[in-house]
>>> print(open('my_file_35.pdb').read())   # PDB, C-alpha atoms
MODEL        1
ATOM      1  CA  MET S   1     -25.812 214.251 254.991  1.00  0.00           C
ATOM      2  CA  GLU S   2     -28.656 213.215 252.778  1.00  0.00           C
ATOM      3  CA  VAL S   3     -28.571 210.557 250.114  1.00  0.00           C
ATOM      4  CA  LYS S   4     -30.319 211.223 246.812  1.00  0.00           C
ATOM      5  CA  ILE S   5     -31.281 208.600 244.321  1.00  0.00           C
ATOM      6  CA  LYS S   6     -32.541 208.535 240.780  1.00  0.00           C
ATOM      7  CA  ILE S   7     -33.918 205.402 239.155  1.00  0.00           C
ATOM      8  CA  TRP S   8     -34.886 204.894 235.539  1.00  0.00           C
ATOM      9  CA  LEU S   9     -35.451 202.087 233.077  1.00  0.00           C
ATOM     10  CA  GLU S  10     -33.619 201.472 229.838  1.00  0.00           C
ATOM     11  CA  LYS S  11     -34.105 198.949 227.073  1.00  0.00           C
ATOM     12  CA  ASP S  12     -31.334 198.263 224.535  1.00  0.00           C
ATOM     13  CA  GLY S  13     -29.489 201.328 225.839  1.00  0.00           C
ATOM     14  CA  LEU S  14     -32.470 203.635 225.284  1.00  0.00           C
ATOM     15  CA  ASN S  15     -34.325 205.436 228.035  1.00  0.00           C
ATOM     16  CA  VAL S  16     -37.730 203.870 228.651  1.00  0.00           C
ATOM     17  CA  LEU S  17     -39.106 205.271 231.858  1.00  0.00           C
ATOM     18  CA  GLY S  18     -37.573 208.139 233.789  1.00  0.00           C
ATOM     19  CA  ASP S  19     -38.971 210.889 235.962  1.00  0.00           C
ATOM     20  CA  GLY S  20     -40.380 212.888 233.028  1.00  0.00           C
ATOM     21  CA  ARG S  21     -42.402 210.117 231.407  1.00  0.00           C
ATOM     22  CA  LEU S  22     -43.463 208.773 234.751  1.00  0.00           C
ATOM     23  CA  LYS S  23     -44.892 212.174 235.652  1.00  0.00           C
ATOM     24  CA  LEU S  24     -46.604 212.450 232.266  1.00  0.00           C
ATOM     25  CA  LEU S  25     -48.337 209.087 232.666  1.00  0.00           C
ATOM     26  CA  ARG S  26     -49.376 209.861 236.224  1.00  0.00           C
ATOM     27  CA  THR S  27     -50.761 213.225 235.194  1.00  0.00           C
ATOM     28  CA  ILE S  28     -52.756 211.768 232.292  1.00  0.00           C
ATOM     29  CA  ASP S  29     -54.182 209.243 234.723  1.00  0.00           C
ATOM     30  CA  GLU S  30     -55.109 212.078 237.054  1.00  0.00           C
ATOM     31  CA  VAL S  31     -56.565 214.646 234.651  1.00  0.00           C
ATOM     32  CA  GLY S  32     -57.952 212.306 231.975  1.00  0.00           C
ATOM     33  CA  SER S  33     -56.529 213.943 228.856  1.00  0.00           C
ATOM     34  CA  ILE S  34     -53.163 214.326 227.147  1.00  0.00           C
ATOM     35  CA  ASN S  35     -53.872 217.970 226.436  1.00  0.00           C
ATOM     36  CA  ALA S  36     -54.683 218.868 230.036  1.00  0.00           C
ATOM     37  CA  ALA S  37     -51.723 216.817 231.279  1.00  0.00           C
ATOM     38  CA  ALA S  38     -49.305 218.554 228.880  1.00  0.00           C
ATOM     39  CA  GLU S  39     -50.639 221.941 229.949  1.00  0.00           C
ATOM     40  CA  LYS S  40     -50.265 221.075 233.629  1.00  0.00           C
ATOM     41  CA  LEU S  41     -46.658 219.991 233.080  1.00  0.00           C
ATOM     42  CA  GLY S  42     -45.819 222.992 230.918  1.00  0.00           C
ATOM     43  CA  ILE S  43     -44.943 220.948 227.822  1.00  0.00           C
ATOM     44  CA  SER S  44     -46.525 220.978 224.376  1.00  0.00           C
ATOM     45  CA  TYR S  45     -49.126 218.423 223.286  1.00  0.00           C
ATOM     46  CA  ARG S  46     -46.762 217.396 220.503  1.00  0.00           C
ATOM     47  CA  HIS S  47     -43.975 216.773 223.015  1.00  0.00           C
ATOM     48  CA  ALA S  48     -46.237 214.725 225.294  1.00  0.00           C
ATOM     49  CA  TRP S  49     -47.529 212.715 222.361  1.00  0.00           C
ATOM     50  CA  GLY S  50     -43.980 212.003 221.181  1.00  0.00           C
ATOM     51  CA  HIS S  51     -43.067 210.684 224.627  1.00  0.00           C
ATOM     52  CA  LEU S  52     -46.102 208.426 224.729  1.00  0.00           C
ATOM     53  CA  LYS S  53     -45.526 206.978 221.281  1.00  0.00           C
ATOM     54  CA  LYS S  54     -41.837 206.351 222.023  1.00  0.00           C
ATOM     55  CA  LEU S  55     -42.723 204.668 225.272  1.00  0.00           C
ATOM     56  CA  GLU S  56     -45.366 202.445 223.648  1.00  0.00           C
ATOM     57  CA  GLU S  57     -42.918 201.517 220.925  1.00  0.00           C
ATOM     58  CA  ARG S  58     -40.142 200.597 223.357  1.00  0.00           C
ATOM     59  CA  LEU S  59     -42.469 198.612 225.589  1.00  0.00           C
ATOM     60  CA  GLY S  60     -44.341 197.034 222.691  1.00  0.00           C
ATOM     61  CA  CYS S  61     -47.648 197.751 224.462  1.00  0.00           C
ATOM     62  CA  LYS S  62     -50.443 200.247 224.308  1.00  0.00           C
ATOM     63  CA  LEU S  63     -50.372 202.669 227.236  1.00  0.00           C
ATOM     64  CA  ILE S  64     -53.237 205.030 226.471  1.00  0.00           C
ATOM     65  CA  GLU S  65     -56.723 204.628 225.110  1.00  0.00           C
ATOM     66  CA  PRO S  66     -59.707 206.887 224.453  1.00  0.00           C
ATOM     67  CA  ARG S  67     -61.805 207.431 227.516  1.00  0.00           C
ATOM     68  CA  THR S  68     -65.370 206.382 226.924  1.00  0.00           C
ATOM     69  CA  GLY S  69     -68.509 207.449 228.755  1.00  0.00           C
ATOM     70  CA  GLY S  70     -68.407 209.436 231.959  1.00  0.00           C
ATOM     71  CA  LYS S  71     -69.253 213.066 232.392  1.00  0.00           C
ATOM     72  CA  GLY S  72     -68.365 214.961 229.241  1.00  0.00           C
ATOM     73  CA  GLY S  73     -66.897 211.829 227.654  1.00  0.00           C
ATOM     74  CA  GLY S  74     -63.816 212.068 225.448  1.00  0.00           C
ATOM     75  CA  GLY S  75     -60.294 212.434 226.742  1.00  0.00           C
ATOM     76  CA  THR S  76     -57.625 209.834 227.273  1.00  0.00           C
ATOM     77  CA  THR S  77     -57.058 207.259 229.923  1.00  0.00           C
ATOM     78  CA  LEU S  78     -54.250 204.845 230.732  1.00  0.00           C
ATOM     79  CA  THR S  79     -54.726 201.224 229.739  1.00  0.00           C
ATOM     80  CA  ALA S  80     -54.977 198.656 232.526  1.00  0.00           C
ATOM     81  CA  GLY S  81     -51.495 197.460 231.524  1.00  0.00           C
ATOM     82  CA  ALA S  82     -50.036 200.941 231.866  1.00  0.00           C
ATOM     83  CA  LYS S  83     -51.629 201.421 235.281  1.00  0.00           C
ATOM     84  CA  ARG S  84     -50.173 198.142 236.456  1.00  0.00           C
ATOM     85  CA  PHE S  85     -46.779 198.996 234.985  1.00  0.00           C
ATOM     86  CA  LEU S  86     -46.735 202.312 236.866  1.00  0.00           C
ATOM     87  CA  SER S  87     -47.836 200.806 240.131  1.00  0.00           C
ATOM     88  CA  ASP S  88     -45.289 197.956 239.815  1.00  0.00           C
ATOM     89  CA  PHE S  89     -42.546 200.483 239.166  1.00  0.00           C
ATOM     90  CA  GLU S  90     -43.623 202.764 241.999  1.00  0.00           C
ATOM     91  CA  LYS S  91     -43.801 199.871 244.417  1.00  0.00           C
ATOM     92  CA  ILE S  92     -40.237 198.784 243.674  1.00  0.00           C
ATOM     93  CA  ARG S  93     -39.019 202.372 243.689  1.00  0.00           C
ATOM     94  CA  LYS S  94     -40.509 203.052 247.105  1.00  0.00           C
ATOM     95  CA  GLU S  95     -38.980 199.906 248.519  1.00  0.00           C
ATOM     96  CA  ILE S  96     -35.586 200.921 247.111  1.00  0.00           C
ATOM     97  CA  ASP S  97     -35.960 204.457 248.460  1.00  0.00           C
ATOM     98  CA  SER S  98     -36.422 203.207 251.995  1.00  0.00           C
ATOM     99  CA  HIS S  99     -33.636 200.683 251.619  1.00  0.00           C
ATOM    100  CA  VAL S 100     -31.246 203.415 250.448  1.00  0.00           C
ATOM    101  CA  LYS S 101     -32.273 205.814 253.228  1.00  0.00           C
ATOM    102  CA  GLU S 102     -31.783 203.080 255.780  1.00  0.00           C
ATOM    103  CA  LYS S 103     -28.346 202.139 254.442  1.00  0.00           C
ATOM    104  CA  PHE S 104     -27.138 205.747 254.401  1.00  0.00           C
ATOM    105  CA  GLU S 105     -28.712 206.667 257.740  1.00  0.00           C
ATOM    106  CA  GLY S 106     -26.222 208.822 259.604  1.00  0.00           C
ATOM    107  CA  PHE S 107     -23.627 208.458 256.866  1.00  0.00           C
ATOM    108  CA  ASP S 108     -20.877 211.061 257.150  1.00  0.00           C
ATOM    109  CA  MET S 109     -17.165 211.447 257.027  1.00  0.00           C
ATOM    110  CA  ARG S 110     -15.890 209.661 260.112  1.00  0.00           C
ATOM    111  CA  LYS S 111     -13.803 211.973 262.227  1.00  0.00           C
ATOM    112  CA  ASP S 112     -11.033 210.522 264.343  1.00  0.00           C
TER     113      ASP S 112
ATOM    114  CA  MET U   1     -35.436 195.974 230.610  1.00  0.00           C
ATOM    115  CA  GLU U   2     -32.534 197.315 232.571  1.00  0.00           C
ATOM    116  CA  VAL U   3     -32.717 199.459 235.682  1.00  0.00           C
ATOM    117  CA  LYS U   4     -30.317 202.362 236.039  1.00  0.00           C
ATOM    118  CA  ILE U   5     -29.529 204.094 239.266  1.00  0.00           C
ATOM    119  CA  LYS U   6     -27.684 207.220 240.289  1.00  0.00           C
ATOM    120  CA  ILE U   7     -26.758 207.946 243.885  1.00  0.00           C
ATOM    121  CA  TRP U   8     -25.293 211.135 245.296  1.00  0.00           C
ATOM    122  CA  LEU U   9     -24.923 212.909 248.613  1.00  0.00           C
ATOM    123  CA  GLU U  10     -26.245 216.313 249.564  1.00  0.00           C
ATOM    124  CA  LYS U  11     -25.817 218.447 252.643  1.00  0.00           C
ATOM    125  CA  ASP U  12     -28.176 221.361 253.347  1.00  0.00           C
ATOM    126  CA  GLY U  13     -29.544 221.007 249.816  1.00  0.00           C
ATOM    127  CA  LEU U  14     -26.085 221.300 248.235  1.00  0.00           C
ATOM    128  CA  ASN U  15     -24.391 218.572 246.250  1.00  0.00           C
ATOM    129  CA  VAL U  16     -21.567 216.981 248.239  1.00  0.00           C
ATOM    130  CA  LEU U  17     -20.516 213.830 246.464  1.00  0.00           C
ATOM    131  CA  GLY U  18     -21.690 212.779 243.029  1.00  0.00           C
ATOM    132  CA  ASP U  19     -20.121 210.866 240.166  1.00  0.00           C
ATOM    133  CA  GLY U  20     -17.833 213.741 239.136  1.00  0.00           C
ATOM    134  CA  ARG U  21     -16.208 214.408 242.504  1.00  0.00           C
ATOM    135  CA  LEU U  22     -16.055 210.715 243.274  1.00  0.00           C
ATOM    136  CA  LYS U  23     -14.112 210.138 240.078  1.00  0.00           C
ATOM    137  CA  LEU U  24     -11.816 213.062 240.842  1.00  0.00           C
ATOM    138  CA  LEU U  25     -10.954 211.733 244.293  1.00  0.00           C
ATOM    139  CA  ARG U  26     -10.407 208.229 242.994  1.00  0.00           C
ATOM    140  CA  THR U  27      -8.149 209.492 240.224  1.00  0.00           C
ATOM    141  CA  ILE U  28      -6.039 211.613 242.606  1.00  0.00           C
ATOM    142  CA  ASP U  29      -5.652 208.524 244.762  1.00  0.00           C
ATOM    143  CA  GLU U  30      -4.543 206.573 241.716  1.00  0.00           C
ATOM    144  CA  VAL U  31      -2.184 209.016 240.007  1.00  0.00           C
ATOM    145  CA  GLY U  32      -0.891 210.897 243.068  1.00  0.00           C
ATOM    146  CA  SER U  33      -1.366 214.477 241.919  1.00  0.00           C
ATOM    147  CA  ILE U  34      -4.199 216.913 241.300  1.00  0.00           C
ATOM    148  CA  ASN U  35      -2.609 218.062 238.074  1.00  0.00           C
ATOM    149  CA  ALA U  36      -2.263 214.578 236.596  1.00  0.00           C
ATOM    150  CA  ALA U  37      -5.781 213.666 237.778  1.00  0.00           C
ATOM    151  CA  ALA U  38      -7.279 216.782 236.181  1.00  0.00           C
ATOM    152  CA  GLU U  39      -5.466 216.053 232.940  1.00  0.00           C
ATOM    153  CA  LYS U  40      -6.639 212.445 232.930  1.00  0.00           C
ATOM    154  CA  LEU U  41     -10.246 213.564 233.436  1.00  0.00           C
ATOM    155  CA  GLY U  42     -10.004 216.348 230.861  1.00  0.00           C
ATOM    156  CA  ILE U  43     -10.776 219.156 233.314  1.00  0.00           C
ATOM    157  CA  SER U  44      -8.636 222.125 234.316  1.00  0.00           C
ATOM    158  CA  TYR U  45      -6.532 222.176 237.452  1.00  0.00           C
ATOM    159  CA  ARG U  46      -8.530 225.183 238.603  1.00  0.00           C
ATOM    160  CA  HIS U  47     -11.782 223.262 238.167  1.00  0.00           C
ATOM    161  CA  ALA U  48     -10.457 220.237 240.047  1.00  0.00           C
ATOM    162  CA  TRP U  49      -9.133 222.447 242.839  1.00  0.00           C
ATOM    163  CA  GLY U  50     -12.480 224.211 243.139  1.00  0.00           C
ATOM    164  CA  HIS U  51     -14.258 220.857 243.504  1.00  0.00           C
ATOM    165  CA  LEU U  52     -11.855 219.724 246.205  1.00  0.00           C
ATOM    166  CA  LYS U  53     -12.116 222.930 248.219  1.00  0.00           C
ATOM    167  CA  LYS U  54     -15.929 222.890 247.997  1.00  0.00           C
ATOM    168  CA  LEU U  55     -16.022 219.293 249.082  1.00  0.00           C
ATOM    169  CA  GLU U  56     -13.690 219.914 252.040  1.00  0.00           C
ATOM    170  CA  GLU U  57     -15.756 222.907 253.051  1.00  0.00           C
ATOM    171  CA  ARG U  58     -19.050 220.997 252.930  1.00  0.00           C
ATOM    172  CA  LEU U  59     -17.638 218.021 254.794  1.00  0.00           C
ATOM    173  CA  GLY U  60     -15.686 220.148 257.263  1.00  0.00           C
ATOM    174  CA  CYS U  61     -12.662 217.868 256.803  1.00  0.00           C
ATOM    175  CA  LYS U  62      -9.392 217.832 254.918  1.00  0.00           C
ATOM    176  CA  LEU U  63      -9.443 215.445 251.983  1.00  0.00           C
ATOM    177  CA  ILE U  64      -6.057 215.973 250.384  1.00  0.00           C
ATOM    178  CA  GLU U  65      -2.534 216.476 251.698  1.00  0.00           C
ATOM    179  CA  PRO U  66       0.917 216.847 250.192  1.00  0.00           C
ATOM    180  CA  ARG U  67       2.555 213.550 249.409  1.00  0.00           C
ATOM    181  CA  THR U  68       5.839 213.167 251.171  1.00  0.00           C
ATOM    182  CA  GLY U  69       8.767 210.935 250.343  1.00  0.00           C
ATOM    183  CA  GLY U  70       8.551 208.183 247.753  1.00  0.00           C
ATOM    184  CA  LYS U  71      10.046 208.233 244.273  1.00  0.00           C
ATOM    185  CA  GLY U  72      10.157 211.770 242.952  1.00  0.00           C
ATOM    186  CA  GLY U  73       8.381 213.057 246.088  1.00  0.00           C
ATOM    187  CA  GLY U  74       5.827 215.865 245.779  1.00  0.00           C
ATOM    188  CA  GLY U  75       2.304 215.436 244.486  1.00  0.00           C
ATOM    189  CA  THR U  76      -0.937 215.078 246.388  1.00  0.00           C
ATOM    190  CA  THR U  77      -2.504 212.197 248.204  1.00  0.00           C
ATOM    191  CA  LEU U  78      -5.864 211.605 249.856  1.00  0.00           C
ATOM    192  CA  THR U  79      -6.025 211.852 253.637  1.00  0.00           C
ATOM    193  CA  ALA U  80      -6.824 208.675 255.546  1.00  0.00           C
ATOM    194  CA  GLY U  81     -10.251 210.177 256.280  1.00  0.00           C
ATOM    195  CA  ALA U  82     -10.962 210.759 252.584  1.00  0.00           C
ATOM    196  CA  LYS U  83      -9.922 207.216 251.688  1.00  0.00           C
ATOM    197  CA  ARG U  84     -12.237 205.836 254.339  1.00  0.00           C
ATOM    198  CA  PHE U  85     -15.047 208.120 253.211  1.00  0.00           C
ATOM    199  CA  LEU U  86     -14.698 206.893 249.630  1.00  0.00           C
ATOM    200  CA  SER U  87     -14.547 203.257 250.593  1.00  0.00           C
ATOM    201  CA  ASP U  88     -17.548 203.622 252.936  1.00  0.00           C
ATOM    202  CA  PHE U  89     -19.530 205.257 250.142  1.00  0.00           C
ATOM    203  CA  GLU U  90     -18.488 202.697 247.552  1.00  0.00           C
ATOM    204  CA  LYS U  91     -19.353 199.820 249.842  1.00  0.00           C
ATOM    205  CA  ILE U  92     -22.886 201.113 250.405  1.00  0.00           C
ATOM    206  CA  ARG U  93     -23.288 201.971 246.738  1.00  0.00           C
ATOM    207  CA  LYS U  94     -22.305 198.490 245.631  1.00  0.00           C
ATOM    208  CA  GLU U  95     -24.690 196.919 248.079  1.00  0.00           C
ATOM    209  CA  ILE U  96     -27.487 199.156 246.798  1.00  0.00           C
ATOM    210  CA  ASP U  97     -26.613 198.397 243.175  1.00  0.00           C
ATOM    211  CA  SER U  98     -27.049 194.674 243.725  1.00  0.00           C
ATOM    212  CA  HIS U  99     -30.206 195.198 245.735  1.00  0.00           C
ATOM    213  CA  VAL U 100     -31.708 197.301 242.932  1.00  0.00           C
ATOM    214  CA  LYS U 101     -30.714 194.821 240.234  1.00  0.00           C
ATOM    215  CA  GLU U 102     -32.241 192.010 242.245  1.00  0.00           C
ATOM    216  CA  LYS U 103     -35.512 193.891 242.818  1.00  0.00           C
ATOM    217  CA  PHE U 104     -35.893 194.818 239.153  1.00  0.00           C
ATOM    218  CA  GLU U 105     -34.772 191.401 237.844  1.00  0.00           C
ATOM    219  CA  GLY U 106     -37.035 190.537 234.925  1.00  0.00           C
ATOM    220  CA  PHE U 107     -39.118 193.687 235.401  1.00  0.00           C
ATOM    221  CA  ASP U 108     -41.243 194.425 232.354  1.00  0.00           C
ATOM    222  CA  MET U 109     -44.702 195.437 231.367  1.00  0.00           C
ATOM    223  CA  ARG U 110     -46.858 192.437 232.186  1.00  0.00           C
ATOM    224  CA  LYS U 111     -48.752 191.249 229.145  1.00  0.00           C
ATOM    225  CA  ASP U 112     -52.061 189.524 229.639  1.00  0.00           C
TER     226      ASP U 112
ENDMDL
END
>>> encode(input="my_file_35.pdb", output="structure tokens")
Amino acid sequence: MEVKIKIWLEKDGLNVLGDGRLKLLRTIDEVGSINAAAEKLGISYRHAWGHLKKLEERLGCKLIEPRTGGKGGGGTTLTAGAKRFLSDFEKIRKEIDSHVKEKFEGFDMRKD
Amino acid sequence: MEVKIKIWLEKDGLNVLGDGRLKLLRTIDEVGSINAAAEKLGISYRHAWGHLKKLEERLGCKLIEPRTGGKGGGGTTLTAGAKRFLSDFEKIRKEIDSHVKEKFEGFDMRKD
């Protein structure tokens, strides 16, 4: 038997950070543009942008900023705050994942 | 910010025990019949029965049995194994819930 777990954040009963937005932020960080990230995830730019704006609004912080310099320039990057937020979340999530796996190790219906 | 968590069990990639089936088992235990439990949960008897048979099949154990004796007789009750399975699962889930809440206590985007 395998235990599965899903973790997400809410604020005032509204979804803040779940798997979808987490993946979007990580992908922007990886590919350096909202457009390329949306394409990679198979969602529209408009959809991705909506998610980002909602997330910034609910957190009360900027998450993305224009990327300056570098090869080709342009594009979008995560703010330092957003990067820290993601890594904080991931760190706790990983710790919880291992805790859960450990607790459910060998869990099954006990047969007499 | 509030952390939300969902935990379920899978076996060979198939859902075994999630919120729906857990609630069904608990309700049968409480009301003493599949019919009354289904009605209380707003699902059909057929649907409830299907869940129970699938669950028994995936666990390889009987979960329900006819209720004998008592006022009015008849009805359905959980097997001792099913009761233990539920209470084992609930115990671990509660422990994980508190662990998660503790880990995410005060979690927010850190502002500089």
>>> resolve_selection(input="my_file_35.pdb", expression="the ChimeraX specification (/U :<7) & /S", output="list in words")
Met1, Glu2, Val3, Lys4, Ile5, Lys6, Ile7, Trp8, Leu9, Glu10, Lys11, Leu59, Gly81, Phe85, Ile92, Ile96, Val100, Lys103, Met109 and Arg110 of chain S
>>> atom_distance(input="my_file_35.pdb", atom1="atom CA of Lys53 of chain U", atom2="atom CA of Glu105 of chain S")
25.1 Å
>>> atom_distance(input="my_file_35.pdb", atom1="atom CA of Arg46 of chain U", atom2="atom CA of Ile34 of chain U")
9.7 Å
>>> resolve_selection(input="my_file_35.pdb", expression="the PyMOL selection byres ((chain U and resi 41) around 12)", output="number ranges by chain")
U: 20-28, 31, 34-40, 42-45, 47-48
>>> atom_distance(input="my_file_35.pdb", atom1="atom CA of Thr77 of chain U", atom2="atom CA of Lys94 of chain U")
24.2 Å
>>> axis_aligned_box(input="my_file_35.pdb", around="segment 19-26 of chain U", padding_each_side="8 Å", output="lines of an AutoDock Vina configuration file")
center_x = -15.3
center_y = 211.3
center_z = 241.7
size_x = 25.7
size_y = 22.2
size_z = 21.2
>>> residues_around(input="my_file_35.pdb", residues="Pro66 of chain S", least_positions_apart="3", cutoff="8 Å", atoms="only C-alpha atoms", output="number ranges by chain")
S: 74-77
>>> build_atoms(input="my_file_35.pdb", residues="segment 82-99 of chain S", atoms="N, CA and C atoms", output="compact mmCIF listing (two decimals), in the frame of the given file")
# COMPACT_ATOMS: atom_id res chain seq x y z
N ALA S 82 -50.86 199.79 231.49
CA ALA S 82 -50.04 200.94 231.87
C ALA S 82 -50.17 201.25 233.35
N LYS S 83 -51.40 201.16 233.85
CA LYS S 83 -51.63 201.42 235.28
C LYS S 83 -50.85 200.43 236.14
N ARG S 84 -50.87 199.18 235.71
CA ARG S 84 -50.17 198.14 236.46
C ARG S 84 -48.67 198.36 236.38
N PHE S 85 -48.20 198.74 235.19
CA PHE S 85 -46.78 199.00 234.98
C PHE S 85 -46.30 200.11 235.93
N LEU S 86 -47.07 201.20 235.98
CA LEU S 86 -46.74 202.31 236.87
C LEU S 86 -46.73 201.88 238.32
N SER S 87 -47.76 201.15 238.71
CA SER S 87 -47.84 200.81 240.13
C SER S 87 -46.76 199.79 240.50
N ASP S 88 -46.41 198.88 239.57
CA ASP S 88 -45.29 197.96 239.82
C ASP S 88 -44.00 198.75 240.02
N PHE S 89 -43.77 199.69 239.11
CA PHE S 89 -42.55 200.48 239.17
C PHE S 89 -42.47 201.29 240.46
N GLU S 90 -43.57 201.94 240.79
CA GLU S 90 -43.62 202.76 242.00
C GLU S 90 -43.39 201.94 243.26
N LYS S 91 -43.94 200.75 243.26
CA LYS S 91 -43.80 199.87 244.42
C LYS S 91 -42.32 199.52 244.64
N ILE S 92 -41.65 199.13 243.56
CA ILE S 92 -40.24 198.78 243.67
C ILE S 92 -39.42 200.03 244.04
N ARG S 93 -39.76 201.15 243.43
CA ARG S 93 -39.02 202.37 243.69
C ARG S 93 -39.12 202.79 245.15
N LYS S 94 -40.32 202.68 245.69
CA LYS S 94 -40.51 203.05 247.10
C LYS S 94 -39.69 202.15 248.01
N GLU S 95 -39.72 200.86 247.70
CA GLU S 95 -38.98 199.91 248.52
C GLU S 95 -37.49 200.25 248.46
N ILE S 96 -37.00 200.58 247.26
CA ILE S 96 -35.59 200.92 247.11
C ILE S 96 -35.26 202.22 247.84
N ASP S 97 -36.15 203.19 247.73
CA ASP S 97 -35.96 204.46 248.46
C ASP S 97 -35.74 204.22 249.96
N SER S 98 -36.58 203.41 250.55
CA SER S 98 -36.42 203.21 252.00
C SER S 98 -35.16 202.41 252.30
N HIS S 99 -34.86 201.46 251.42
CA HIS S 99 -33.64 200.68 251.62
C HIS S 99 -32.41 201.61 251.59
